[in-house]
$ cat protein-v6.tsv   # TSV, C-alpha atoms
chain	number	residue	atom	x	y	z
A	259	MET	CA	-85.22	34.11	33.70
A	260	THR	CA	-86.19	30.77	35.04
A	261	GLU	CA	-83.75	27.94	35.66
A	262	GLU	CA	-85.16	25.99	32.71
A	263	GLU	CA	-84.74	28.94	30.31
A	264	LYS	CA	-81.18	29.48	31.53
A	265	LYS	CA	-80.25	25.84	30.84
A	266	ALA	CA	-81.87	25.99	27.39
A	267	THR	CA	-79.86	29.12	26.52
A	268	GLU	CA	-76.55	27.52	27.61
A	269	ALA	CA	-77.28	24.35	25.57
A	270	SER	CA	-78.04	26.48	22.52
A	271	GLU	CA	-74.76	28.38	22.86
A	272	ALA	CA	-72.78	25.11	23.24
A	273	ASP	CA	-74.34	23.71	20.06
A	274	ALA	CA	-73.49	26.91	18.22
A	275	GLU	CA	-69.83	26.66	19.30
A	276	GLU	CA	-69.53	23.00	18.24
A	277	ASN	CA	-71.04	23.63	14.83
A	278	ALA	CA	-69.08	26.80	14.17
A	279	PRO	CA	-66.75	26.41	11.11
A	280	GLU	CA	-63.04	26.00	11.99
A	281	PRO	CA	-60.67	28.67	10.72
A	282	GLU	CA	-58.87	27.65	7.54
A	283	ALA	CA	-55.33	26.44	8.20
A	284	GLU	CA	-52.60	28.35	6.55
A	285	GLN	CA	-51.49	26.51	3.42
A	286	ALA	CA	-47.83	25.45	3.34
A	287	GLU	CA	-45.67	27.21	0.81
A	288	THR	CA	-45.05	24.97	-2.23
A	289	PRO	CA	-41.54	24.60	-3.81
A	290	GLU	CA	-42.80	26.40	-6.88
A	291	GLU	CA	-43.97	29.35	-4.78
A	292	ALA	CA	-40.68	29.38	-2.87
A	293	ALA	CA	-38.78	29.35	-6.17
A	294	ALA	CA	-40.98	32.14	-7.47
A	295	GLU	CA	-40.15	34.22	-4.42
A	296	ALA	CA	-36.35	33.56	-4.74
A	297	THR	CA	-34.35	36.06	-6.71
A	298	PRO	CA	-32.64	35.04	-10.01
A	299	GLU	CA	-29.25	35.42	-8.31
A	300	ASP	CA	-30.26	32.97	-5.58
A	301	ARG	CA	-31.45	30.48	-8.17
A	302	ILE	CA	-28.21	30.80	-10.14
A	303	ALA	CA	-26.14	30.24	-6.98
A	304	GLU	CA	-28.19	27.15	-6.12
A	305	LEU	CA	-27.75	25.67	-9.59
A	306	GLU	CA	-24.01	26.41	-9.53
A	307	ALA	CA	-23.68	24.61	-6.18
A	308	GLU	CA	-25.55	21.58	-7.53
A	309	LEU	CA	-23.34	21.55	-10.65
A	310	ALA	CA	-20.17	21.76	-8.55
A	311	ALA	CA	-21.32	18.86	-6.37
A	312	THR	CA	-22.14	16.77	-9.45
A	313	ASN	CA	-18.75	17.54	-11.02
A	314	ASP	CA	-16.99	16.59	-7.79
A	315	ARG	CA	-18.79	13.22	-7.66
A	316	LEU	CA	-17.97	12.62	-11.32
A	317	LEU	CA	-14.28	13.41	-10.81
A	318	ARG	CA	-14.08	11.09	-7.80
A	319	LEU	CA	-15.74	8.31	-9.77
A	320	MET	CA	-13.37	8.81	-12.71
A	321	ALA	CA	-10.33	8.74	-10.39
A	322	GLU	CA	-11.52	5.56	-8.70
A	323	THR	CA	-12.14	3.92	-12.08
A	324	GLU	CA	-8.65	4.88	-13.27
A	325	ASN	CA	-7.05	3.47	-10.11
A	326	ILE	CA	-8.91	0.19	-10.59
A	327	ARG	CA	-7.79	0.06	-14.24
A	328	ARG	CA	-4.14	0.70	-13.36
A	329	ARG	CA	-4.19	-1.85	-10.55
A	330	SER	CA	-5.72	-4.48	-12.84
A	331	GLN	CA	-3.13	-3.70	-15.51
A	332	ARG	CA	-0.26	-4.09	-13.04
A	333	GLU	CA	-1.69	-7.40	-11.84
A	334	ARG	CA	-1.96	-8.66	-15.43
A	335	GLU	CA	1.60	-7.56	-16.18
A	336	ASP	CA	2.93	-9.26	-13.04
A	337	THR	CA	1.02	-12.43	-13.89
A	338	LEU	CA	2.64	-12.52	-17.34
A	339	ARG	CA	6.03	-11.40	-16.04
A	340	TYR	CA	6.27	-14.13	-13.42
A	341	ALA	CA	4.12	-16.78	-15.06
A	342	ALA	CA	7.05	-19.21	-15.29
A	343	SER	CA	8.26	-18.71	-11.72
A	344	GLY	CA	6.47	-21.79	-10.36
A	345	LEU	CA	7.92	-24.07	-13.05
A	346	ALA	CA	11.34	-22.47	-12.68
A	347	LYS	CA	11.42	-23.15	-8.93
A	348	ASP	CA	10.60	-26.80	-9.63
A	349	LEU	CA	13.51	-26.98	-12.10
A	350	LEU	CA	16.12	-25.50	-9.77
A	351	ASN	CA	16.81	-28.89	-8.20
A	352	VAL	CA	17.34	-30.33	-11.69
A	353	ALA	CA	19.96	-27.67	-12.36
A	354	ASP	CA	21.59	-28.40	-8.99
A	355	ASN	CA	21.75	-32.14	-9.67
A	356	LEU	CA	23.25	-31.62	-13.12
A	357	HIS	CA	25.92	-29.34	-11.66
A	358	ARG	CA	26.69	-31.83	-8.86
A	359	ALA	CA	26.98	-34.64	-11.40
A	360	LEU	CA	29.48	-32.68	-13.48
A	361	THR	CA	31.45	-31.65	-10.41
A	362	ALA	CA	31.74	-35.28	-9.35
A	363	VAL	CA	33.07	-36.48	-12.72
A	364	PRO	CA	36.76	-37.47	-12.30
A	365	ASP	CA	39.30	-36.14	-14.79
A	366	ASP	CA	40.19	-39.60	-16.08
A	367	LEU	CA	36.56	-40.12	-17.11
A	368	ARG	CA	36.63	-36.93	-19.15
A	369	THR	CA	39.71	-38.17	-20.98
A	370	GLY	CA	38.68	-41.81	-21.07
A	371	ASP	CA	37.00	-43.76	-23.82
A	372	GLU	CA	34.67	-42.15	-26.35
A	373	ALA	CA	31.48	-43.34	-24.66
A	374	ALA	CA	32.45	-41.80	-21.31
A	375	LYS	CA	33.42	-38.51	-22.93
A	376	ASN	CA	30.15	-38.39	-24.87
A	377	PHE	CA	28.19	-39.06	-21.69
A	378	VAL	CA	29.89	-36.19	-19.86
A	379	LEU	CA	29.43	-33.96	-22.88
A	380	GLY	CA	25.71	-34.79	-22.96
A	381	VAL	CA	25.30	-33.83	-19.30
A	382	GLU	CA	27.18	-30.57	-19.92
A	383	MET	CA	24.96	-29.75	-22.90
A	384	THR	CA	21.84	-30.50	-20.86
A	385	GLU	CA	22.95	-28.13	-18.11
A	386	LYS	CA	23.85	-25.48	-20.67
A	387	ASP	CA	20.46	-25.72	-22.39
A	388	LEU	CA	18.63	-25.57	-19.06
A	389	LEU	CA	20.48	-22.42	-18.00
A	390	ALA	CA	19.87	-20.90	-21.45
A	391	GLY	CA	16.15	-21.57	-20.97
A	392	PHE	CA	16.35	-19.82	-17.62
A	393	GLU	CA	18.03	-16.81	-19.22
A	394	LYS	CA	15.31	-16.67	-21.87
A	395	HIS	CA	12.77	-16.11	-19.11
A	396	ALA	CA	14.98	-13.59	-17.25
A	397	ILE	CA	16.04	-16.13	-14.62
A	398	LYS	CA	19.65	-15.58	-13.57
A	399	GLN	CA	22.01	-17.37	-11.23
A	400	ILE	CA	23.31	-15.66	-8.12
A	401	LEU	CA	27.02	-16.54	-7.85
A	402	PRO	CA	28.20	-14.32	-4.99
A	403	VAL	CA	31.69	-15.61	-4.14
A	404	GLY	CA	33.92	-12.60	-3.49
A	405	GLU	CA	30.97	-10.24	-3.07
A	406	LYS	CA	29.70	-8.53	0.05
A	407	PHE	CA	27.08	-10.58	1.89
A	408	ASP	CA	23.56	-9.40	0.99
A	409	TYR	CA	20.90	-10.64	3.38
A	410	GLU	CA	18.24	-10.19	0.69
A	411	LYS	CA	19.97	-12.48	-1.82
A	412	HIS	CA	22.19	-14.75	0.28
A	413	GLN	CA	21.65	-17.18	3.11
A	414	ALA	CA	24.63	-17.56	5.43
A	415	MET	CA	25.17	-21.20	6.41
A	416	PHE	CA	28.43	-20.78	8.35
A	417	GLU	CA	31.30	-18.39	9.06
A	418	LEU	CA	34.96	-19.00	8.22
A	419	GLU	CA	37.96	-17.58	10.08
A	420	ASN	CA	41.39	-16.70	8.74
A	421	THR	CA	40.21	-16.25	5.15
A	422	GLY	CA	42.17	-13.07	4.53
A	423	LYS	CA	38.96	-11.41	3.40
A	424	PRO	CA	37.05	-8.57	5.09
A	425	ALA	CA	34.33	-9.68	7.47
A	426	GLY	CA	31.04	-10.20	5.68
A	427	THR	CA	32.61	-11.28	2.38
A	428	VAL	CA	31.18	-14.39	0.73
A	429	VAL	CA	34.10	-16.83	0.50
A	430	GLU	CA	32.32	-20.09	-0.27
A	431	MET	CA	29.11	-21.10	-2.03
A	432	MET	CA	27.25	-24.29	-1.24
A	433	GLN	CA	24.38	-23.68	-3.63
A	434	PRO	CA	23.77	-20.91	-6.19
A	435	GLY	CA	20.75	-18.66	-5.88
A	436	TYR	CA	18.33	-17.64	-8.61
A	437	ILE	CA	16.46	-14.43	-9.33
A	438	MET	CA	13.70	-13.78	-11.88
A	439	HIS	CA	13.49	-10.16	-12.99
A	440	GLU	CA	13.46	-8.44	-9.57
A	441	ARG	CA	11.93	-11.37	-7.68
A	442	LEU	CA	14.06	-13.79	-5.68
A	443	LEU	CA	13.37	-17.44	-6.45
A	444	ARG	CA	15.98	-18.83	-4.07
A	445	PRO	CA	18.82	-17.29	-2.05
A	446	ALA	CA	22.37	-18.48	-2.54
A	447	MET	CA	23.62	-20.63	0.36
A	448	VAL	CA	27.03	-19.30	1.31
A	449	GLY	CA	29.87	-19.25	3.81
A	450	VAL	CA	30.93	-15.83	5.04
A	451	ALA	CA	34.31	-14.52	6.22
A	452	LYS	CA	34.53	-13.78	9.93
A	453	ASP	CA	38.00	-12.21	10.04
A	454	GLY	CA	38.76	-8.51	10.13
A	455	PRO	CA	36.59	-5.52	10.94
A	456	GLU	CA	32.95	-6.01	10.12
A	457	GLU	CA	31.56	-3.67	7.50
A	458	THR	CA	27.97	-2.71	6.95
A	459	PRO	CA	26.78	-3.51	3.42
A	460	ASP	CA	26.13	-0.36	1.40
A	461	ASN	CA	23.77	0.27	-1.47
A	462	ILE	CA	21.90	-3.03	-1.15
A	463	GLU	CA	19.46	-3.44	-4.01
A	464	HIS	CA	16.09	-4.44	-2.61
A	465	VAL	CA	14.65	-7.62	-4.06
A	466	ASP	CA	11.09	-8.86	-4.24
A	467	THR	CA	11.00	-12.10	-2.22
A	468	ASN	CA	7.33	-12.97	-2.92
A	469	ALA	CA	8.03	-15.59	-5.56

$ encode --input "protein-v6.tsv" --output "structure tokens"
Amino acid sequence: MTEEEKKATEASEADAEENAPEPEAEQAETPEEAAAEATPEDRIAELEAELAATNDRLLRLMAETENIRRRSQREREDTLRYAASGLAKDLLNVADNLHRALTAVPDDLRTGDEAAKNFVLGVEMTEKDLLAGFEKHAIKQILPVGEKFDYEKHQAMFELENTGKPAGTVVEMMQPGYIMHERLLRPAMVGVAKDGPEETPDNIEHVDTNA
């Protein structure tokens, strides 16, 4: 075979290889075919797992919704419960001034002429009505003289010696405190006994001080 015939034969074989049809690629298995091949037990187990996951998500969503509902309800109740706390705190000084005015009234003025007695009586009635309004909204005075000092309800302004009372006992009150439901509006300003062995307060009732 000549050189030219050899080259012609090689070119012909190369063309045949290039034009030869490619082998068909294997087709991927479709989900339907995979499902068809799975056994009924496998399919049931798969569906049960999906149902369990859906139920779990539903239960979590229901629990979260219930927590949000309860939290919102508590916030609404607290808003209503302490709605008057801001106004009450503004009126505490009024109550203090009325009490100071009555304390400063001399005895001869109380037994003096009719006008003076009526004036004192009017101030007393005003204080009484104000405190009654406080009571209506669950606002109570803290009058701790003779009680054990409670750091959550009282504010110690000074200590007194030789009082004959156990240490830590409230022996003098400079200003009453006020509490609304379980929330402290203002601590009582007090003087505390220093004599005798100091005792640790027991069974202190915790008070909300976020008024």

$ residues_around --input "protein-v6.tsv" --residues "range 392-404 of chain A" --least-positions-apart "6" --cutoff "7 Å" --atoms "all atoms listed in the file" --output "ChimeraX atom specification"
/A:427-431,434-439,446

$ atom_distance --input "protein-v6.tsv" --atom1 "CA of Tyr340 in chain A" --atom2 "CA of Arg441 in chain A"
8.5 Å

$ atom_distance --input "protein-v6.tsv" --atom1 "CA of Leu367 in chain A" --atom2 "CA of Asp354 in chain A"
20.7 Å

$ atom_distance --input "protein-v6.tsv" --atom1 "CA of Thr421 in chain A" --atom2 "CA of Ala451 in chain A"
6.2 Å

$ residues_around --input "protein-v6.tsv" --residues "Lys347 in chain A" --least-positions-apart "5" --cutoff "9 Å" --atoms "all atoms listed in the file" --output "PyMOL selection string"
chain A and resi 342+436+443-444+469

$ closest_residue --input "protein-v6.tsv" --among "A:Met447, A:Ala321, A:Val381, A:Ala307" --to "Asn355 in chain A" --atoms "only C-alpha atoms"
A:Val381
